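Written below as structure tokens is the structure these notes are about.
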Amino acid sequence: MWTRLYALIVKELLAVLRDPKGRAILIGPPIVQLLVFSYAATLEVRNVDVMILNRDSGHWGQELIQRIDGSPTFRNIEIAASQAQVQVAIDNQTVIAAVEIDPDFSRNIEAGTPADLQVVLDGRRSNASQIVAGYLSQIGRTLAAETPAGKRTGAGMVSSVPRNWFNPNLTYQWFMVPNLIASIALLIGLIVTALSIARERELGTFDQLMVSPLRMHEILIGKLIPPMMIGLFHITVYILAAVFLFEVPLRGSLFLLYGSAIFYLGSVAGLGLFISALSMTQQQAILGAFLFMVPAMLLSGFATPIENMPGWLQPITLINPLRYFLVIVKGVFLKDIPLSEVVNQTIPLALIAAVTLTAAAWLFRRRLE
Amino acid sequence: MSASSNRLRRLSALVRKESFQAIRDPSSILIAFVLPLILLFLFGYGVSLDTTRTRIGLVTEEMTPLTQDFAASFQASRYFDVVIGRDRRLFEEDLVLGRVRGIVVISADFTTRYTAGNSPSIQVIVDGSDPNTANFVQNYAQGAVANWEQQRQADVASHSPAISVEQRFWFNPELTSRNFLVPGSIAIVMTLVGTLLTSLVVAREWERGTMEAMMATPVTAVELLAGKILPYFLLGLTSMTLCVLLAVFLFGVPFRGSVAALYALSAAFLIPALGQGLLISTATKNQFLASQLALISAFLPAFLLSGFLFEINSMPTVIQWITFIVPARYLIPSLQTVFLAGDIWPMFGRAISVMLTIGAIMFVLAARSTRKRIG
């Protein structure tokens, strides 16, 4: 049995790796993706342009403009001459926000009466706009504290001291890189396995495999192991890049990470084989894999926390292997989560693998009869 | 019969053949109609950037009327789901396991410091492994503190801030993230139909050798490519129409622009998307490679490098350069504008001309590599 299995595994690996283009696509792009996306995917807001319509002729209006100009968030400050200009700039997205300073801004501040500042923001980019609005209000507040009226009421305020555990400077890459490790392994693993049987079926070689001395479970194992080996290779490259290139701290145990990774890759390959069993052609297999992948990425807690999703949608995420492995990768890297938590997250992965593999075997057998 | 009518007949025969092929395969329908439904559904209901109630632990190290009043301001906040405890160690494990997103600690000297006029401090500990949520929790905590202070001061004496900042969000005053995510996801759907589906279909022809068979017929390379893409062009527009109808009637996203602008933009976007699909398939001639390349060079960039979820301005310069060749980068802001702001033709004109230019380059490359293969 072992020699047969070994031969099948070697054959499967060759099928993917023999073609130089195939080799290149399994090695080059995943690394490029890690580099590009971990730098690109940031929800921070920097280098945005704002417009200022200054109707005030006094000192405080100028002071405010200088403060905004000095802030690292903003790249260019455009001075508008009229309301119409503000409208055009926002409409065409040349600026994300416009600040309008009232004609009696300085006069009101000197008189100790409330001075008004209007900020117009582009709601089409509402996420970035909200962050920009936050920065501009902050600038307003600091300036207010320096006005004669502000200095009188400053004392006795409650100050809140922020403490960011696990990631003191809230470095975005520390969040992104572990997330990408799990999701890119899913992207590649799913398609490689989904194709493995669909390709043979399209080429007609699957029947040959069926009449060979190989038993059904041996074929499945033979189809399962090579994608898992490729997946482990990817995960290893990513972990090295995470630690040495992105300098993400690895606080937990590598042993736990690899241990659970095997179950994760098993569940991904199981899903891939299940899709493969359902499809008649390679195109169907690829598109089927896609149909699973896109919701899996969106419902994993990667882009948005699962607890923010509506209550009826949350149970659906329970069948998503990415959901569990994300917790493990992030947890092992940043939080040094205890063994019990890793086990808690690995059990569902093992279950998904078991269910999908059984289902795939059943489907193949049924198709044969 | 004249040469041009022959040409037309050949083209219509090709288009019919491709259309049958596309419609007969259930997986094309899956990608063109089912996946868009799922995507729209997820962006409409599931994925929301609006933070709802975040669970936090609130530690009151002393129990006085003042700290109780302060804690009440957190409980009243619509952003927090507060669990109260007396010791921060109660929550530390919860934070590691992600059961709470933050811990707010009111220290034991809060009341004494406050009554003495020394500014007391609270600690806001957040889970930095998710920087975005961490930021939200910090900001909302500050908001809750500011609210409480304003209330206290309003009780003592009438007071208003020296500078009041009034914010107005144009086009999307309620800041509903669905309003910009749903239009953006339409661009993703068209990328899938235009690039992924097309690249797979053409790669399959190469793989099976039917492409060479077609080459042997009087059909020219240009006709062959045109015959390939026309059905998918129409499929892309159909699937876009379906998405827009759902966006407007099911999700209630406002549609303030014109239908003409919507179709002009979508048609202009499908040119580079289809061109890229063709280029990928002629370059790889293999369905596995084509799917991987389409994923990496079209789908993921449309998601991540287009300004859909992440601000392009905040990316490193080199990556900003890459975004210039991503067609979705031009379509997504324009679609968001058609929906939320209305027709702003200077913006659309620029977007359309850039997308057509990228499309022309893709087609020239695809046509050249197709011709080379038979030579």
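So you can find residues: chains in the structure tokens are A, B, ... in the order shown, residues in each start at 1, and ligands are numbered from 1 in order.
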message: Give me the residues near Gly277 of chain B as number ranges by chain, where near means some atom within 6 Å (using only C-alpha atoms) and where sequence neighbours in that chain fewer than 4 positions away do not count.
response: B: 195, 198-199
Give me the chain B side of the contact with chain A, cut-off 7 Å, one line per residue showing its nearest atom pair and distance in Å at one decimal, counting only C-alpha atoms, sorted by chain and residue number, as CSV.
residue,atom,partner,partner_atom,distance
B:Ser27,CA,A:Gln284,CA,5.2
B:Ile31,CA,A:Leu287,CA,6.9
B:Leu35,CA,A:Leu291,CA,6.3
B:Gly46,CA,A:Met309,CA,5.2
B:Val47,CA,A:Thr304,CA,6.4
B:Ser48,CA,A:Thr304,CA,6.9
B:Leu49,CA,A:Thr304,CA,6.7
B:Thr51,CA,A:Asn308,CA,6.5
B:Thr52,CA,A:Asn308,CA,5.9
B:Val96,CA,A:Lys335,CA,6.3
B:Tyr114,CA,A:Gly156,CA,6.6
B:Gly117,CA,A:Gly156,CA,4.8
B:Asn118,CA,A:Gly156,CA,5.4
B:Ser119,CA,A:Gly156,CA,4.4
B:Pro120,CA,A:Val158,CA,5.2
B:Ser121,CA,A:Ser159,CA,4.7
B:Ile122,CA,A:Ser160,CA,4.8
B:Gln123,CA,A:Val161,CA,4.7
B:Val124,CA,A:Pro162,CA,4.9
B:Ile125,CA,A:Arg163,CA,4.6
B:Val126,CA,A:Asn164,CA,5.1
B:Asp127,CA,A:Trp165,CA,5.5
B:Gly128,CA,A:Asn167,CA,4.7
B:Ser129,CA,A:Phe175,CA,5.7
B:Asp130,CA,A:Phe175,CA,6.0
B:Pro131,CA,A:Leu170,CA,5.2
B:Gln138,CA,A:Pro162,CA,6.9
B:Gln142,CA,A:Ser160,CA,6.9
B:Ser160,CA,A:Pro114,CA,7.0
B:Pro161,CA,A:Pro114,CA,6.4
B:Ala162,CA,A:Pro114,CA,4.8
B:Ile163,CA,A:Ala115,CA,4.8
B:Ser164,CA,A:Asp116,CA,5.3
B:Val165,CA,A:Leu117,CA,4.9
B:Glu166,CA,A:Gln118,CA,4.8
B:Gln167,CA,A:Val119,CA,4.8
B:Arg168,CA,A:Val120,CA,4.9
B:Phe169,CA,A:Leu121,CA,4.7
B:Trp170,CA,A:Gly123,CA,5.1
B:Phe171,CA,A:Gly123,CA,5.3
B:Asn172,CA,A:Gly123,CA,4.6
B:Pro173,CA,A:Gly123,CA,6.6
B:Leu175,CA,A:Ser126,CA,5.8
B:Phe180,CA,A:Arg124,CA,6.0
B:Leu200,CA,A:Gln283,CA,6.5
B:Leu289,CA,A:Gly22,CA,6.6
B:Leu304,CA,A:Ala41,CA,6.5
B:Leu305,CA,A:Ala40,CA,6.9
B:Phe310,CA,A:Leu43,CA,5.7
B:Glu311,CA,A:Val45,CA,6.8
B:Asn313,CA,A:Asn47,CA,5.6
B:Ser314,CA,A:Arg46,CA,4.7
B:Met315,CA,A:Ala40,CA,5.1
B:Pro316,CA,A:Tyr39,CA,7.0
B:Ile319,CA,A:Ala40,CA,6.7
B:Gln336,CA,A:Arg124,CA,6.2
B:Leu340,CA,A:Arg124,CA,6.8
B:Met347,CA,A:Asn92,CA,5.8
query: How far is it from atom CA of Arg10 of chain B to atom CA of Arg204 of chain B, in Å with one decimal?
result: 21.4 Å
Could you pull the residues within 9 Å of Ile79 of chain A, counting only C-alpha atoms, minus those fewer than 6 positions along the same chain, as a PDB file with N, CA and C atoms, in the first residue's frame?
ATOM      1  N   VAL A  50      -6.671  68.554   1.452  1.00  0.00           N
ATOM      2  CA  VAL A  50      -7.864  69.257   1.937  1.00  0.00           C
ATOM      3  C   VAL A  50      -7.909  70.656   1.355  1.00  0.00           C
ATOM      4  N   MET A  51      -9.094  71.214   1.329  1.00  0.00           N
ATOM      5  CA  MET A  51      -9.274  72.570   0.821  1.00  0.00           C
ATOM      6  C   MET A  51      -9.722  73.437   1.988  1.00  0.00           C
ATOM      7  N   ILE A  52      -9.260  74.671   1.970  1.00  0.00           N
ATOM      8  CA  ILE A  52      -9.678  75.581   3.035  1.00  0.00           C
ATOM      9  C   ILE A  52     -10.285  76.829   2.414  1.00  0.00           C
ATOM     10  N   LEU A  53     -11.461  77.174   2.891  1.00  0.00           N
ATOM     11  CA  LEU A  53     -12.101  78.412   2.449  1.00  0.00           C
ATOM     12  C   LEU A  53     -12.061  79.338   3.653  1.00  0.00           C
ATOM     13  N   ASN A  54     -11.128  80.284   3.636  1.00  0.00           N
ATOM     14  CA  ASN A  54     -10.914  81.140   4.793  1.00  0.00           C
ATOM     15  C   ASN A  54     -11.611  82.477   4.582  1.00  0.00           C
TER      16      ASN A  54
END
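Look at Asp207 of chain A: the protein and nucleic acid residues within 12 Å of it, using only C-alpha atoms and passing over chain neighbours fewer than 4 places away, are Ile197, Ala198, Arg199, Glu200, Arg201, Glu202, Leu203, Val211, Ser212, Leu214, Ile219, Phe364, Arg367 and Leu368 of chain A.
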DSSP helix (DSSP H, G or I) residues within segment 214-352 of chain A, listed as an MDAnalysis selection string: chainID A and resid 216:245 254:278 282:298 306:308 314:319 321:335 339:352
field: Who sits within 8 Å of segment 262-272 of chain B, only C-alpha atoms, same chain under 4 positions skipped, as a PyMOL selection string
entry: chain B and resi 190-191+194+233+236-237+240+257-258+276+327-328+331+334-335+338+348+351-352+355-356+358-360+362-363
